[in-house]
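Undergrad: Below is one structure. I have some questions about it.
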Amino acid sequence: MNAPLPTDELPGTFSHRVDMGGAAIEFRTGDEARIGALKRRFEGFGSSSSGPDAILVYRPGEAGPAVEWDGTGRVVTLRTAATLDHVDSILRNLLPQFLAPAIVAHAALLTDANRGYLCCGVSGSGKSTLAALCGDRALCDELALVRASTRGFEGVSLPYWRARPGHAPLAGVFVLEHGPENVRTRLGAPSAVRELRRHFYWPVEQASAFADAFETLSALASSVPVWRLAFRPDPSVWDLITAPA
């Protein structure tokens, strides 16, 4: 368990905690309006944790690096005139450091309430389209967390872009591409690792965290079916996603 962070010693009159895949990320700033905007941006993902796992301190106008880590690797200072879009981008790169050995996927997460399906892809590959086709089965359409659990591996929604809190044991992982018809092709574990590593955000700042995260990916590809999925924008693709391996 991480040691408590000295929140009272950090600057920022206003604060808000967000649940990011089980990690409580606290934002601190002297700007009340910015905290209000963050609450709206991450609505539904507020955290009631008694202590944060990591803190982002917003200090605009102060001299120094735009993004700076403290010695613990759990406190990050932002000195740019960061908009919410900038904060989103920064979190994409920081979350893998906080959450390893869990891994952060560039993916939509779908569920039938009992099983989860991680649908990975580059921008434009159809993640948001697929999530829209699946309606209430979609937990998120841009970023999701994958972590080991007592039931194998589970996917956890992250608040990007259209998202609601939720998690489910993974029954399949898909690499998306557009196609004239719905076709899935099973990938063996070595091919799956090579393909999937392009669709995860990696903790490149910490070598040990990177090794732990890559081990998680290797174990995922060995234990959960991984498919290449070409699909057309039709709700019938759900039947192919959930078909037995």
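By convention in this document, the chains of the structure tokens carry letters A, B, ... by their order, each chain's residues are numbered from 1, and ligands are numbered from 1 in the order they are shown.
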Determine which residues of stretch 32-140 of chain A receive a DSSP assignment of strand (DSSP E), computed from the backbone, and state them as a list in words.
TA: Ala54, Ile55, Leu56, Val57, Tyr58, Val67, Glu68, Trp69, Val75, Val76, Thr77, Leu78, Ile103, Val104, Ala105, His106, Ala107, Ala108, Leu109, Leu110, Thr111, Gly116, Tyr117, Leu118, Cys119, Cys120, Ala138, Leu139 and Cys140 of chain A
Undergrad: Export, as a PDB file, in the first residue's frame, the selected residues with N, CA and C atoms.
TA:
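The result, stored in selection_35.pdb:
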ATOM      1  N   ALA A  54      -2.333   9.754  -5.969  1.00  0.00           N
ATOM      2  CA  ALA A  54      -1.481  10.676  -6.699  1.00  0.00           C
ATOM      3  C   ALA A  54      -2.151  12.040  -6.728  1.00  0.00           C
ATOM      4  N   ILE A  55      -1.367  13.082  -6.871  1.00  0.00           N
ATOM      5  CA  ILE A  55      -1.885  14.447  -6.848  1.00  0.00           C
ATOM      6  C   ILE A  55      -1.320  15.224  -8.032  1.00  0.00           C
ATOM      7  N   LEU A  56      -2.206  15.958  -8.728  1.00  0.00           N
ATOM      8  CA  LEU A  56      -1.802  16.898  -9.748  1.00  0.00           C
ATOM      9  C   LEU A  56      -2.039  18.298  -9.198  1.00  0.00           C
ATOM     10  N   VAL A  57      -0.979  19.062  -9.080  1.00  0.00           N
ATOM     11  CA  VAL A  57      -1.052  20.426  -8.547  1.00  0.00           C
ATOM     12  C   VAL A  57      -0.934  21.391  -9.718  1.00  0.00           C
ATOM     13  N   TYR A  58      -1.916  22.252  -9.881  1.00  0.00           N
ATOM     14  CA  TYR A  58      -1.922  23.212 -10.973  1.00  0.00           C
ATOM     15  C   TYR A  58      -1.418  24.556 -10.456  1.00  0.00           C
ATOM     16  N   VAL A  67       5.797  20.298 -16.765  1.00  0.00           N
ATOM     17  CA  VAL A  67       5.325  19.135 -16.007  1.00  0.00           C
ATOM     18  C   VAL A  67       6.500  18.619 -15.189  1.00  0.00           C
ATOM     19  N   GLU A  68       6.321  18.506 -13.885  1.00  0.00           N
ATOM     20  CA  GLU A  68       7.427  18.098 -13.013  1.00  0.00           C
ATOM     21  C   GLU A  68       6.940  17.073 -11.988  1.00  0.00           C
ATOM     22  N   TRP A  69       7.670  15.954 -11.889  1.00  0.00           N
ATOM     23  CA  TRP A  69       7.387  14.924 -10.893  1.00  0.00           C
ATOM     24  C   TRP A  69       8.165  15.221  -9.619  1.00  0.00           C
ATOM     25  N   VAL A  75       3.382  12.869  -7.068  1.00  0.00           N
ATOM     26  CA  VAL A  75       2.923  14.261  -7.085  1.00  0.00           C
ATOM     27  C   VAL A  75       3.464  14.910  -8.359  1.00  0.00           C
ATOM     28  N   VAL A  76       2.569  15.473  -9.149  1.00  0.00           N
ATOM     29  CA  VAL A  76       2.935  16.097 -10.418  1.00  0.00           C
ATOM     30  C   VAL A  76       2.491  17.557 -10.392  1.00  0.00           C
ATOM     31  N   THR A  77       3.405  18.445 -10.717  1.00  0.00           N
ATOM     32  CA  THR A  77       3.097  19.871 -10.788  1.00  0.00           C
ATOM     33  C   THR A  77       2.951  20.281 -12.251  1.00  0.00           C
ATOM     34  N   LEU A  78       1.857  20.981 -12.560  1.00  0.00           N
ATOM     35  CA  LEU A  78       1.603  21.502 -13.897  1.00  0.00           C
ATOM     36  C   LEU A  78       1.745  23.013 -13.858  1.00  0.00           C
ATOM     37  N   ILE A 103      -2.585  -1.875 -16.935  1.00  0.00           N
ATOM     38  CA  ILE A 103      -2.206  -1.205 -18.169  1.00  0.00           C
ATOM     39  C   ILE A 103      -3.383  -0.413 -18.718  1.00  0.00           C
ATOM     40  N   VAL A 104      -3.061   0.702 -19.374  1.00  0.00           N
ATOM     41  CA  VAL A 104      -4.065   1.619 -19.891  1.00  0.00           C
ATOM     42  C   VAL A 104      -4.176   1.429 -21.400  1.00  0.00           C
ATOM     43  N   ALA A 105      -5.354   1.023 -21.850  1.00  0.00           N
ATOM     44  CA  ALA A 105      -5.574   0.708 -23.253  1.00  0.00           C
ATOM     45  C   ALA A 105      -6.263   1.862 -23.976  1.00  0.00           C
ATOM     46  N   HIS A 106      -5.842   2.082 -25.221  1.00  0.00           N
ATOM     47  CA  HIS A 106      -6.547   2.993 -26.123  1.00  0.00           C
ATOM     48  C   HIS A 106      -7.686   2.174 -26.709  1.00  0.00           C
ATOM     49  N   ALA A 107      -8.808   2.143 -26.015  1.00  0.00           N
ATOM     50  CA  ALA A 107      -9.838   1.153 -26.332  1.00  0.00           C
ATOM     51  C   ALA A 107     -11.198   1.569 -25.806  1.00  0.00           C
ATOM     52  N   ALA A 108     -12.232   1.040 -26.446  1.00  0.00           N
ATOM     53  CA  ALA A 108     -13.587   1.061 -25.894  1.00  0.00           C
ATOM     54  C   ALA A 108     -13.769  -0.192 -25.049  1.00  0.00           C
ATOM     55  N   LEU A 109     -14.602  -0.087 -24.029  1.00  0.00           N
ATOM     56  CA  LEU A 109     -14.914  -1.237 -23.185  1.00  0.00           C
ATOM     57  C   LEU A 109     -16.410  -1.487 -23.240  1.00  0.00           C
ATOM     58  N   LEU A 110     -16.776  -2.704 -23.664  1.00  0.00           N
ATOM     59  CA  LEU A 110     -18.176  -3.106 -23.772  1.00  0.00           C
ATOM     60  C   LEU A 110     -18.461  -4.210 -22.764  1.00  0.00           C
ATOM     61  N   THR A 111     -19.734  -4.351 -22.375  1.00  0.00           N
ATOM     62  CA  THR A 111     -20.079  -5.398 -21.420  1.00  0.00           C
ATOM     63  C   THR A 111     -21.507  -5.866 -21.623  1.00  0.00           C
ATOM     64  N   GLY A 116     -16.770  -8.722 -20.119  1.00  0.00           N
ATOM     65  CA  GLY A 116     -16.307  -7.495 -20.745  1.00  0.00           C
ATOM     66  C   GLY A 116     -15.548  -7.789 -22.026  1.00  0.00           C
ATOM     67  N   TYR A 117     -15.570  -6.818 -22.939  1.00  0.00           N
ATOM     68  CA  TYR A 117     -14.899  -6.950 -24.226  1.00  0.00           C
ATOM     69  C   TYR A 117     -14.126  -5.660 -24.490  1.00  0.00           C
ATOM     70  N   LEU A 118     -12.814  -5.794 -24.586  1.00  0.00           N
ATOM     71  CA  LEU A 118     -11.936  -4.652 -24.803  1.00  0.00           C
ATOM     72  C   LEU A 118     -11.702  -4.510 -26.301  1.00  0.00           C
ATOM     73  N   CYS A 119     -12.012  -3.342 -26.840  1.00  0.00           N
ATOM     74  CA  CYS A 119     -11.936  -3.126 -28.285  1.00  0.00           C
ATOM     75  C   CYS A 119     -10.936  -2.013 -28.577  1.00  0.00           C
ATOM     76  N   CYS A 120      -9.723  -2.419 -28.966  1.00  0.00           N
ATOM     77  CA  CYS A 120      -8.592  -1.505 -29.112  1.00  0.00           C
ATOM     78  C   CYS A 120      -8.488  -0.970 -30.532  1.00  0.00           C
ATOM     79  N   ALA A 138     -21.945  -0.138 -23.771  1.00  0.00           N
ATOM     80  CA  ALA A 138     -20.652   0.546 -23.777  1.00  0.00           C
ATOM     81  C   ALA A 138     -20.405   1.237 -22.437  1.00  0.00           C
ATOM     82  N   LEU A 139     -19.259   0.929 -21.816  1.00  0.00           N
ATOM     83  CA  LEU A 139     -18.859   1.608 -20.584  1.00  0.00           C
ATOM     84  C   LEU A 139     -18.006   2.834 -20.882  1.00  0.00           C
ATOM     85  N   CYS A 140     -17.175   2.773 -21.924  1.00  0.00           N
ATOM     86  CA  CYS A 140     -16.363   3.914 -22.316  1.00  0.00           C
ATOM     87  C   CYS A 140     -15.917   3.698 -23.755  1.00  0.00           C
TER      88      CYS A 140
END
Undergrad: Stretch 46-50 of chain A: which residues within 8 Å, counting only C-alpha atoms, same-chain residues fewer than 3 positions away excluded, as an NGL selection string?
TA: :A and (16-19 or 24 or 39 or 42-43)
Undergrad: Would you return as a list in words the members of stretch 38-107 of chain A that DSSP assigns to alpha helix (DSSP H) on this structure's backbone?
TA: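 Put together, the selection reads Leu38, Lys39, Arg40, Arg41, Leu84, Asp85, His86, Val87, Asp88, Ser89, Ile90, Leu91, Arg92, Asn93, Leu94, Leu95, Pro96, Gln97, Phe98 and Leu99 of chain A.
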Undergrad: Pick out the closest residue to A:Val224 from this set: A:Asp112, A:Trp161, A:Phe153, A:Leu176. Count only C-alpha atoms.
TA: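 The closest residue to A:Val224 is A:Phe153.
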Undergrad: Find the spatial neighbours of A:Trp227, counting only C-alpha atoms, within a cut-off of 7 Å - ignore same-chain residues fewer than 2 positions away - and output them as a ChimeraX atom specification.
TA: /A:173-175,184-187,225,229
Undergrad: Per residue of stretch 113-212 of chain A within 10 Å of stretch 216-220 of chain A, note the shortest atom pair and the distance in Å to one decimal, counting only C-alpha atoms, and order the rows by chain and increasing residue number, as CSV.
TA:
residue,atom,partner,partner_atom,distance
A:Val146,CA,A:Thr216,CA,8.6
A:Arg147,CA,A:Thr216,CA,7.6
A:Ala148,CA,A:Thr216,CA,7.7
A:Gly152,CA,A:Leu220,CA,8.7
A:Phe153,CA,A:Leu220,CA,7.0
A:Glu154,CA,A:Leu220,CA,9.8
A:Leu170,CA,A:Leu220,CA,9.4
A:Gly172,CA,A:Leu220,CA,9.9
A:Val173,CA,A:Leu220,CA,9.1
A:Ala189,CA,A:Ser218,CA,7.8
A:Pro190,CA,A:Ser218,CA,8.4
A:Ala192,CA,A:Ser218,CA,8.7
A:Val193,CA,A:Ser218,CA,6.2
A:Arg194,CA,A:Ser218,CA,9.6
A:Leu196,CA,A:Leu217,CA,8.0
A:Arg197,CA,A:Leu217,CA,7.7
A:Phe200,CA,A:Leu217,CA,9.0
A:Phe210,CA,A:Thr216,CA,9.8
A:Ala211,CA,A:Thr216,CA,8.7
A:Asp212,CA,A:Thr216,CA,6.4
